[in-house]
file entry.tsv (TSV, C-alpha atoms)
chain	number	residue	atom	x	y	z
A	9	MET	CA	-43.97	23.97	34.16
A	10	SER	CA	-44.54	23.08	37.81
A	11	GLN	CA	-48.11	22.90	39.10
A	12	ASP	CA	-49.87	21.83	42.24
A	13	THR	CA	-50.93	18.22	41.82
A	14	LYS	CA	-54.30	17.59	43.47
A	15	LEU	CA	-55.00	14.34	45.31
A	16	LEU	CA	-58.62	13.46	44.54
A	17	SER	CA	-60.83	11.00	46.35
A	18	ALA	CA	-62.43	8.05	44.57
A	19	ASP	CA	-66.00	9.32	44.79
A	20	ALA	CA	-68.51	11.22	42.67
A	21	GLU	CA	-66.93	14.59	43.46
A	22	GLY	CA	-63.44	13.30	42.65
A	23	TYR	CA	-64.59	11.79	39.36
A	24	ALA	CA	-66.33	15.02	38.35
A	25	GLN	CA	-63.22	17.06	39.11
A	26	ALA	CA	-60.99	14.62	37.27
A	27	ALA	CA	-63.25	14.52	34.20
A	28	ALA	CA	-63.36	18.33	34.07
A	29	LEU	CA	-59.57	18.47	34.14
A	30	LEU	CA	-59.34	15.87	31.37
A	31	ARG	CA	-61.80	17.80	29.19
A	32	ALA	CA	-59.58	20.86	29.67
A	33	GLY	CA	-56.61	18.91	28.31
A	34	GLU	CA	-54.99	18.25	31.68
A	35	LEU	CA	-53.50	14.96	32.89
A	36	VAL	CA	-54.95	12.84	35.71
A	37	ALA	CA	-53.42	9.67	37.15
A	38	MET	CA	-55.96	6.94	37.84
A	39	PRO	CA	-55.72	3.51	39.43
A	40	THR	CA	-56.28	0.41	37.34
A	41	GLU	CA	-56.10	-3.20	38.49
A	42	THR	CA	-52.56	-3.40	37.05
A	43	VAL	CA	-50.76	-0.12	37.87
A	44	TYR	CA	-51.68	3.56	38.06
A	45	GLY	CA	-52.09	5.07	34.59
A	46	LEU	CA	-51.42	8.65	33.48
A	47	ALA	CA	-54.62	9.54	31.66
A	48	GLY	CA	-55.17	12.19	29.03
A	49	ASP	CA	-57.79	12.73	26.32
A	50	ALA	CA	-56.67	10.39	23.51
A	51	ARG	CA	-58.27	12.72	20.92
A	52	ASN	CA	-56.41	15.84	22.09
A	53	ASP	CA	-52.96	16.32	20.53
A	54	ARG	CA	-51.81	18.68	23.26
A	55	ALA	CA	-52.97	16.39	26.05
A	56	VAL	CA	-51.24	13.37	24.51
A	57	ALA	CA	-48.07	15.39	23.92
A	58	ALA	CA	-48.23	16.41	27.59
A	59	ILE	CA	-48.23	12.71	28.60
A	60	PHE	CA	-44.96	12.17	26.74
A	61	ALA	CA	-43.49	15.36	28.21
A	62	ALA	CA	-44.49	14.60	31.82
A	63	LYS	CA	-43.03	11.10	31.64
A	64	GLY	CA	-40.03	11.95	29.47
A	65	ARG	CA	-41.27	9.15	27.22
A	66	PRO	CA	-39.89	8.72	23.68
A	67	LYS	CA	-42.58	9.57	21.14
A	68	PHE	CA	-41.93	6.43	19.07
A	69	ASN	CA	-43.35	4.36	21.98
A	70	PRO	CA	-47.15	4.05	21.51
A	71	LEU	CA	-49.78	4.42	24.22
A	72	ILE	CA	-52.64	2.18	25.33
A	73	VAL	CA	-56.14	3.59	24.90
A	74	HIS	CA	-58.49	2.81	27.79
A	75	LEU	CA	-62.19	2.41	27.03
A	76	PRO	CA	-65.36	1.46	28.93
A	77	SER	CA	-66.87	-1.09	26.50
A	78	ILE	CA	-66.41	-3.29	23.46
A	79	GLU	CA	-68.79	-0.95	21.61
A	80	ALA	CA	-66.41	1.95	22.31
A	81	ALA	CA	-63.52	-0.18	21.04
A	82	GLU	CA	-65.39	-0.85	17.79
A	83	GLU	CA	-65.63	2.90	17.19
A	84	ILE	CA	-61.86	3.30	16.96
A	85	ALA	CA	-60.64	-0.15	15.86
A	86	VAL	CA	-61.63	-3.11	13.69
A	87	VAL	CA	-62.60	-5.90	16.09
A	88	SER	CA	-62.38	-9.29	14.36
A	89	ASP	CA	-64.21	-12.42	15.44
A	90	ALA	CA	-60.96	-13.71	16.98
A	91	ALA	CA	-60.52	-10.49	18.93
A	92	ARG	CA	-64.14	-10.62	20.06
A	93	GLN	CA	-63.65	-14.17	21.39
A	94	ILE	CA	-60.66	-13.12	23.45
A	95	ALA	CA	-62.34	-9.92	24.58
A	96	ALA	CA	-65.38	-11.86	25.77
A	97	ARG	CA	-63.11	-13.87	28.06
A	98	TYR	CA	-60.77	-11.18	29.38
A	99	TRP	CA	-62.42	-7.76	29.08
A	100	PRO	CA	-62.67	-5.88	31.30
A	101	GLY	CA	-59.33	-6.97	32.71
A	102	PRO	CA	-55.53	-6.87	32.45
A	103	LEU	CA	-55.30	-7.66	28.71
A	104	THR	CA	-54.47	-5.22	25.90
A	105	LEU	CA	-55.28	-6.08	22.28
A	106	VAL	CA	-53.47	-4.47	19.34
A	107	LEU	CA	-56.09	-4.01	16.63
A	108	PRO	CA	-56.34	-2.30	13.20
A	109	LEU	CA	-57.03	1.41	13.63
A	110	ARG	CA	-60.12	2.89	11.98
A	111	PRO	CA	-59.20	5.95	9.88
A	112	GLU	CA	-62.13	7.82	11.41
A	113	SER	CA	-61.10	6.98	15.00
A	114	GLY	CA	-60.46	10.59	15.95
A	115	LEU	CA	-57.41	9.61	18.00
A	116	SER	CA	-54.33	11.81	18.12
A	117	ASP	CA	-51.62	10.45	15.81
A	118	LEU	CA	-49.25	10.58	18.75
A	119	VAL	CA	-51.17	7.76	20.47
A	120	THR	CA	-50.23	5.18	17.83
A	121	ALA	CA	-46.76	6.59	17.02
A	122	GLY	CA	-47.63	6.46	13.33
A	123	HIS	CA	-48.76	2.82	13.24
A	124	ASP	CA	-51.99	1.70	11.58
A	125	THR	CA	-52.85	-0.28	14.72
A	126	VAL	CA	-53.96	0.80	18.17
A	127	ALA	CA	-53.48	-0.83	21.58
A	128	ILE	CA	-56.79	-1.03	23.47
A	129	ARG	CA	-57.76	-2.12	26.97
A	130	LEU	CA	-60.95	-2.18	29.03
A	131	PRO	CA	-59.77	-1.81	32.64
A	132	ALA	CA	-61.62	-3.69	35.36
A	133	HIS	CA	-60.82	-1.36	38.26
A	134	PRO	CA	-64.02	0.34	39.46
A	135	VAL	CA	-62.31	3.73	39.79
A	136	ALA	CA	-60.96	3.63	36.23
A	137	ARG	CA	-64.35	2.52	34.93
A	138	ALA	CA	-66.14	5.27	36.85
A	139	LEU	CA	-63.78	7.91	35.47
A	140	LEU	CA	-64.16	6.61	31.90
A	141	SER	CA	-67.92	6.79	32.30
A	142	GLU	CA	-67.79	10.31	33.74
A	143	PHE	CA	-65.37	11.53	31.06
A	144	GLY	CA	-67.22	9.89	28.18
A	145	GLY	CA	-64.30	9.37	25.80
A	146	PRO	CA	-61.10	7.40	25.18
A	147	LEU	CA	-58.21	7.91	27.57
A	148	ALA	CA	-54.60	7.33	26.65
A	149	ALA	CA	-52.96	6.09	29.83
A	150	PRO	CA	-49.42	4.70	30.10
A	151	SER	CA	-48.05	3.94	33.56
A	152	ALA	CA	-47.94	7.07	35.71
A	153	ASN	CA	-44.20	7.21	36.33
A	154	PRO	CA	-41.11	8.80	34.75
A	155	SER	CA	-40.25	6.81	31.64
A	156	GLY	CA	-38.02	3.81	32.30
A	157	LYS	CA	-38.49	3.91	36.05
A	158	ILE	CA	-40.45	1.70	38.44
A	159	SER	CA	-44.18	1.60	37.70
A	160	PRO	CA	-46.54	2.99	40.39
A	161	THR	CA	-48.96	0.82	42.33
A	162	THR	CA	-50.13	3.46	44.84
A	163	ALA	CA	-51.15	7.11	44.60
A	164	GLN	CA	-48.09	8.06	46.64
A	165	HIS	CA	-45.82	6.38	44.09
A	166	VAL	CA	-47.37	8.65	41.44
A	167	MET	CA	-46.91	11.74	43.59
A	168	ASP	CA	-43.29	10.79	44.24
A	169	GLY	CA	-42.54	10.50	40.53
A	170	LEU	CA	-44.83	13.02	38.82
A	171	GLY	CA	-45.96	15.41	41.56
A	172	GLY	CA	-45.81	18.96	40.20
A	173	LYS	CA	-45.97	17.75	36.58
A	174	ILE	CA	-49.62	16.65	36.32
A	175	ALA	CA	-52.94	18.09	37.42
A	176	ALA	CA	-54.27	15.38	39.74
A	177	VAL	CA	-54.15	11.84	41.07
A	178	ILE	CA	-57.24	9.85	42.06
A	179	ASP	CA	-56.38	7.76	45.10
A	180	GLY	CA	-57.94	4.34	44.63
A	181	GLY	CA	-55.64	2.45	47.00
A	182	PRO	CA	-53.00	-0.12	45.99
A	183	CYS	CA	-53.33	-1.93	42.67
A	184	GLU	CA	-54.36	-5.57	42.93
A	185	VAL	CA	-52.49	-7.17	40.00
A	186	GLY	CA	-49.33	-5.08	40.31
A	187	VAL	CA	-47.81	-5.67	36.84
A	188	GLU	CA	-48.99	-4.11	33.61
A	189	SER	CA	-51.42	-5.75	31.23
A	190	THR	CA	-50.56	-8.57	28.88
A	191	ILE	CA	-50.34	-7.20	25.33
A	192	LEU	CA	-51.52	-9.44	22.51
A	193	ALA	CA	-51.27	-8.91	18.76
A	194	LEU	CA	-53.65	-10.75	16.43
A	195	ASP	CA	-53.56	-11.91	12.80
A	196	PRO	CA	-51.33	-13.70	13.52
A	197	PRO	CA	-51.41	-14.01	17.33
A	198	ALA	CA	-48.22	-12.94	19.12
A	199	LEU	CA	-47.34	-12.05	22.70
A	200	LEU	CA	-45.96	-8.51	22.71
A	201	ARG	CA	-45.69	-8.20	26.50
A	202	PRO	CA	-46.37	-10.74	29.26
A	203	GLY	CA	-48.53	-9.32	32.01
A	204	GLY	CA	-51.58	-9.75	34.19
A	205	VAL	CA	-53.13	-12.54	32.08
A	206	ALA	CA	-50.92	-15.62	31.83
A	207	ALA	CA	-49.86	-16.50	28.28
A	208	GLU	CA	-50.74	-20.14	28.96
A	209	GLU	CA	-54.39	-19.16	29.51
A	210	ILE	CA	-54.56	-17.36	26.17
A	211	GLU	CA	-52.86	-20.26	24.39
A	212	ALA	CA	-55.46	-22.64	25.82
A	213	LEU	CA	-58.26	-20.34	24.64
A	214	ILE	CA	-57.02	-19.90	21.07
A	215	GLY	CA	-55.68	-23.44	20.75
A	216	GLN	CA	-52.15	-22.58	19.62
A	217	PRO	CA	-48.82	-21.48	21.10
A	218	LEU	CA	-48.03	-17.76	21.28
A	219	PRO	CA	-44.76	-16.68	19.69
A	220	THR	CA	-43.06	-13.64	21.16
A	221	GLY	CA	-43.38	-10.54	18.98
A	222	GLY	CA	-42.50	-6.87	19.15
A	223	ASP	CA	-39.67	-4.61	18.04
A	224	ALA	CA	-37.68	-2.51	20.53
A	225	ALA	CA	-36.55	-0.20	17.71
A	226	LYS	CA	-40.08	0.47	16.42
A	227	PRO	CA	-42.57	-0.78	19.02
A	228	ASN	CA	-46.22	-1.10	18.03
A	229	ALA	CA	-47.29	-1.29	21.69
A	230	PRO	CA	-45.77	-0.38	25.07
A	231	GLY	CA	-43.43	-2.59	27.08
A	232	GLN	CA	-41.00	-3.50	24.28
A	233	LEU	CA	-38.06	-1.25	25.20
A	234	LYS	CA	-35.08	-3.24	26.43
A	235	SER	CA	-34.43	-1.06	29.50
A	236	HIS	CA	-37.41	-0.25	31.68
A	237	TYR	CA	-38.75	-0.42	35.27
A	238	ALA	CA	-35.29	0.57	36.56
A	239	PRO	CA	-34.61	1.37	40.22
A	240	GLY	CA	-31.63	3.50	41.21
A	241	ALA	CA	-29.59	0.40	42.09
A	242	ALA	CA	-28.34	-2.12	39.55
A	243	VAL	CA	-30.35	-5.36	39.34
A	244	LEU	CA	-28.97	-8.91	39.33
A	245	LEU	CA	-31.14	-11.95	38.59
A	246	ASP	CA	-31.19	-15.62	39.65
A	247	VAL	CA	-29.15	-15.02	42.82
A	248	THR	CA	-29.59	-18.03	45.12
A	249	ALA	CA	-27.72	-16.84	48.23
A	250	PRO	CA	-27.12	-13.59	50.09
A	251	ARG	CA	-24.32	-11.30	48.92
A	252	PRO	CA	-22.50	-8.75	51.06
A	253	ASP	CA	-22.63	-6.17	48.29
A	254	ALA	CA	-26.38	-6.38	47.57
A	255	VAL	CA	-29.87	-6.33	49.02
A	256	TRP	CA	-31.16	-9.87	48.40
A	257	ILE	CA	-34.84	-10.13	47.47
A	258	GLY	CA	-36.12	-13.67	47.75
A	259	PHE	CA	-39.06	-15.63	46.45
A	260	GLY	CA	-40.60	-18.55	48.32
A	261	GLY	CA	-39.49	-20.41	51.42
A	262	ASP	CA	-35.96	-21.26	50.27
A	263	CYS	CA	-34.70	-17.76	51.06
A	264	PRO	CA	-35.00	-17.48	54.88
A	265	THR	CA	-32.14	-14.98	55.12
A	266	ALA	CA	-33.34	-12.71	52.32
A	267	ASP	CA	-33.61	-9.03	53.20
A	268	LEU	CA	-37.01	-8.89	51.50
A	269	ASN	CA	-39.26	-11.49	49.88
A	270	LEU	CA	-41.69	-11.05	46.99
A	271	SER	CA	-43.81	-13.89	48.36
A	272	PRO	CA	-42.64	-16.05	51.30
A	273	SER	CA	-45.16	-18.72	50.25
A	274	GLY	CA	-43.97	-18.72	46.64
A	275	ASP	CA	-47.28	-17.43	45.29
A	276	LEU	CA	-46.81	-15.82	41.87
A	277	THR	CA	-49.96	-13.69	42.16
A	278	GLU	CA	-48.67	-12.22	45.42
A	279	GLY	CA	-45.22	-11.81	43.91
A	280	ALA	CA	-46.58	-9.87	40.95
A	281	ALA	CA	-48.67	-7.63	43.19
A	282	ASN	CA	-45.60	-6.87	45.34
A	283	LEU	CA	-43.02	-6.48	42.57
A	284	PHE	CA	-42.89	-2.73	41.96
A	285	ALA	CA	-43.38	-1.82	45.61
A	286	MET	CA	-40.58	-4.27	46.48
A	287	LEU	CA	-38.27	-2.69	43.90
A	288	ARG	CA	-38.86	0.66	45.58
A	289	LYS	CA	-38.38	-0.77	49.07
A	290	GLY	CA	-35.22	-2.60	48.03
A	291	ASP	CA	-33.85	0.55	46.40
A	292	ALA	CA	-34.41	2.53	49.61
A	293	LEU	CA	-32.79	-0.22	51.71
A	294	ALA	CA	-29.76	-0.34	49.40
A	295	GLN	CA	-29.36	3.41	49.67
A	296	THR	CA	-29.57	3.24	53.47
A	297	ARG	CA	-26.88	0.54	53.56
A	298	GLY	CA	-24.64	2.24	51.02
A	299	LEU	CA	-25.10	-0.59	48.51
A	300	ALA	CA	-25.52	-0.27	44.75
A	301	THR	CA	-27.18	-3.58	43.84
A	302	LEU	CA	-30.46	-5.45	44.21
A	303	ALA	CA	-30.16	-9.23	43.82
A	304	PHE	CA	-33.31	-11.24	43.03
A	305	ALA	CA	-33.82	-14.92	43.70
A	306	PRO	CA	-35.01	-17.08	40.76
A	307	ILE	CA	-38.69	-16.79	39.80
A	308	PRO	CA	-40.47	-19.65	37.99
A	309	GLU	CA	-40.97	-18.89	34.29
A	310	THR	CA	-44.65	-19.89	34.31
A	311	GLY	CA	-47.95	-18.03	34.68
A	312	LEU	CA	-47.46	-14.58	36.19
A	313	GLY	CA	-43.82	-15.53	36.77
A	314	ARG	CA	-43.26	-14.82	33.10
A	315	ALA	CA	-44.44	-11.23	33.58
A	316	ILE	CA	-42.36	-10.82	36.75
A	317	ASN	CA	-39.23	-12.08	34.99
A	318	ASP	CA	-39.92	-9.86	31.98
A	319	ARG	CA	-39.99	-6.77	34.22
A	320	LEU	CA	-36.89	-7.84	36.14
A	321	ARG	CA	-34.91	-8.54	32.95
A	322	ARG	CA	-35.76	-5.07	31.67
A	323	ALA	CA	-34.86	-3.56	35.05
A	324	ALA	CA	-31.50	-5.37	34.84
A	325	ALA	CA	-30.80	-4.32	31.24
A	326	PRO	CA	-28.02	-1.82	30.45
A	327	ARG	CA	-29.32	1.72	30.76
A	328	ASP	CA	-28.82	4.57	28.34

call {"tool": "encode", "arguments": {"input": "entry.tsv", "output": "structure tokens"}}
result
Amino acid sequence: MSQDTKLLSADAEGYAQAAALLRAGELVAMPTETVYGLAGDARNDRAVAAIFAAKGRPKFNPLIVHLPSIEAAEEIAVVSDAARQIAARYWPGPLTLVLPLRPESGLSDLVTAGHDTVAIRLPAHPVARALLSEFGGPLAAPSANPSGKISPTTAQHVMDGLGGKIAAVIDGGPCEVGVESTILALDPPALLRPGGVAAEEIEALIGQPLPTGGDAAKPNAPGQLKSHYAPGAAVLLDVTAPRPDAVWIGFGGDCPTADLNLSPSGDLTEGAANLFAMLRKGDALAQTRGLATLAFAPIPETGLGRAINDRLRRAAAPRD
């Protein structure tokens, strides 16, 4: 059903309006430091079902629950000493932990897609934290975009993708990190999705390498589907020179003739922050030129480069 999507300001009045909508079972997009999330009451079956419906998201793909504090996390999940050590370093921030679900959590079963674990994050963005405080409960909040498409890093991106399908968007400006959170499983530790916290940092903290985990057929956290983040154009990777049939998107100073550049200085933090906006810009440029392909220059597979490459590989994957 189509509805008028309100654009709310990031102030006390906007938070109050957004919280009232959430209590009524409506959906509100909010900025986080990673991307904009599509928030709904994680305890309300109808609200959570509406998230899946608005996005066109498969219901076997779990959602991340956003919370204001470690104490709130302990109410819905079992937080081990190992999890507490990692949380002390990275929460609030762009890290999601997959933890054992407490039977008395009160969460909708749809949030966890039937798993006995739950993905939890404490966002650092002041707007997200203010809304969580105003609402006073857990918010399920996947990226606020149609499923499989480019994640949103501005309020306008949300309006372009979900306008008319959700109640409101809080405009908190562009997202600083620009790629989704790193997702970490524990007992044993495994990297389920590279993201805003570099895997190397976590490995240094826990004193062991992180194997890659996850199952695209039965994911226990978001970001494991093979095809995701897709623009309209096809995506090619590791392209080192311009092509007449593609928009070439460079990285660093070795691409002076690139149509666009994720970071002319080769800064991975800047590249991550620009990634989704650049995918949108490249897609529009390709359409203007009558081209069907975006070609990306190589990105180093270190630090945030691992997250950038993960998103680009999924964008380049065959689509259903």

call {"tool": "closest_residue", "arguments": {"input": "entry.tsv", "among": "A:Arg297, A:Arg321, A:Lys226, A:Arg137", "to": "A:Lys67", "atoms": "all atoms listed in the file"}}
result
A:Lys226

call {"tool": "residues_around", "arguments": {"input": "entry.tsv", "residues": "stretch 117-122 of chain A", "least_positions_apart": "2", "cutoff": "12 Å", "atoms": "all atoms listed in the file", "output": "PyMOL selection string"}}
result
chain A and resi 47-60+65-74+84-85+106-115+124-128+146-150+226-230

call {"tool": "residues_near_point", "arguments": {"input": "entry.tsv", "point": "(-54.3, 13.4, 40.0)", "cutoff": "9 Å", "atoms": "all atoms listed in the file", "output": "PDB file with C-alpha atoms, in the frame of the given file"}}
result
ATOM      1  CA  THR A  13     -50.930  18.220  41.820  1.00  0.00           C
ATOM      2  CA  LYS A  14     -54.300  17.590  43.470  1.00  0.00           C
ATOM      3  CA  LEU A  15     -55.000  14.340  45.310  1.00  0.00           C
ATOM      4  CA  LEU A  16     -58.620  13.460  44.540  1.00  0.00           C
ATOM      5  CA  ALA A  26     -60.990  14.620  37.270  1.00  0.00           C
ATOM      6  CA  LEU A  35     -53.500  14.960  32.890  1.00  0.00           C
ATOM      7  CA  VAL A  36     -54.950  12.840  35.710  1.00  0.00           C
ATOM      8  CA  ALA A  37     -53.420   9.670  37.150  1.00  0.00           C
ATOM      9  CA  MET A  38     -55.960   6.940  37.840  1.00  0.00           C
ATOM     10  CA  LEU A  46     -51.420   8.650  33.480  1.00  0.00           C
ATOM     11  CA  ALA A 163     -51.150   7.110  44.600  1.00  0.00           C
ATOM     12  CA  VAL A 166     -47.370   8.650  41.440  1.00  0.00           C
ATOM     13  CA  MET A 167     -46.910  11.740  43.590  1.00  0.00           C
ATOM     14  CA  GLY A 171     -45.960  15.410  41.560  1.00  0.00           C
ATOM     15  CA  ILE A 174     -49.620  16.650  36.320  1.00  0.00           C
ATOM     16  CA  ALA A 175     -52.940  18.090  37.420  1.00  0.00           C
ATOM     17  CA  ALA A 176     -54.270  15.380  39.740  1.00  0.00           C
ATOM     18  CA  VAL A 177     -54.150  11.840  41.070  1.00  0.00           C
ATOM     19  CA  ILE A 178     -57.240   9.850  42.060  1.00  0.00           C
ATOM     20  CA  ASP A 179     -56.380   7.760  45.100  1.00  0.00           C
TER      21      ASP A 179
END

call {"tool": "closest_residue", "arguments": {"input": "entry.tsv", "among": "A:Phe259, A:Ala90, A:Leu293, A:Pro264", "to": "A:Pro196", "atoms": "only C-alpha atoms"}}
result
A:Ala90

call {"tool": "closest_residue", "arguments": {"input": "entry.tsv", "among": "A:Asn153, A:Thr265, A:Ser271, A:Thr248", "to": "A:His236", "atoms": "all atoms listed in the file"}}
result
A:Asn153

call {"tool": "closest_residue", "arguments": {"input": "entry.tsv", "among": "A:Asp262, A:Asp168, A:Glu188, A:Asp12", "to": "A:Tyr44", "atoms": "only C-alpha atoms"}}
result
A:Glu188

call {"tool": "residues_around", "arguments": {"input": "entry.tsv", "residues": "A:Arg288", "least_positions_apart": "4", "cutoff": "7 Å", "atoms": "only C-alpha atoms", "output": "count of residues only"}}
result
3

call {"tool": "atom_distance", "arguments": {"input": "entry.tsv", "atom1": "atom CA of A:Cys263", "atom2": "atom CA of A:Gln295"}}
result
21.9 Å

call {"tool": "closest_residue", "arguments": {"input": "entry.tsv", "among": "A:Ala242, A:Leu312, A:Ala280, A:Leu130", "to": "A:Ala294", "atoms": "only C-alpha atoms"}}
result
A:Ala242

call {"tool": "closest_residue", "arguments": {"input": "entry.tsv", "among": "A:Thr277, A:Asn282, A:Gln11, A:Thr310", "to": "A:Glu34", "atoms": "all atoms listed in the file"}}
result
A:Gln11
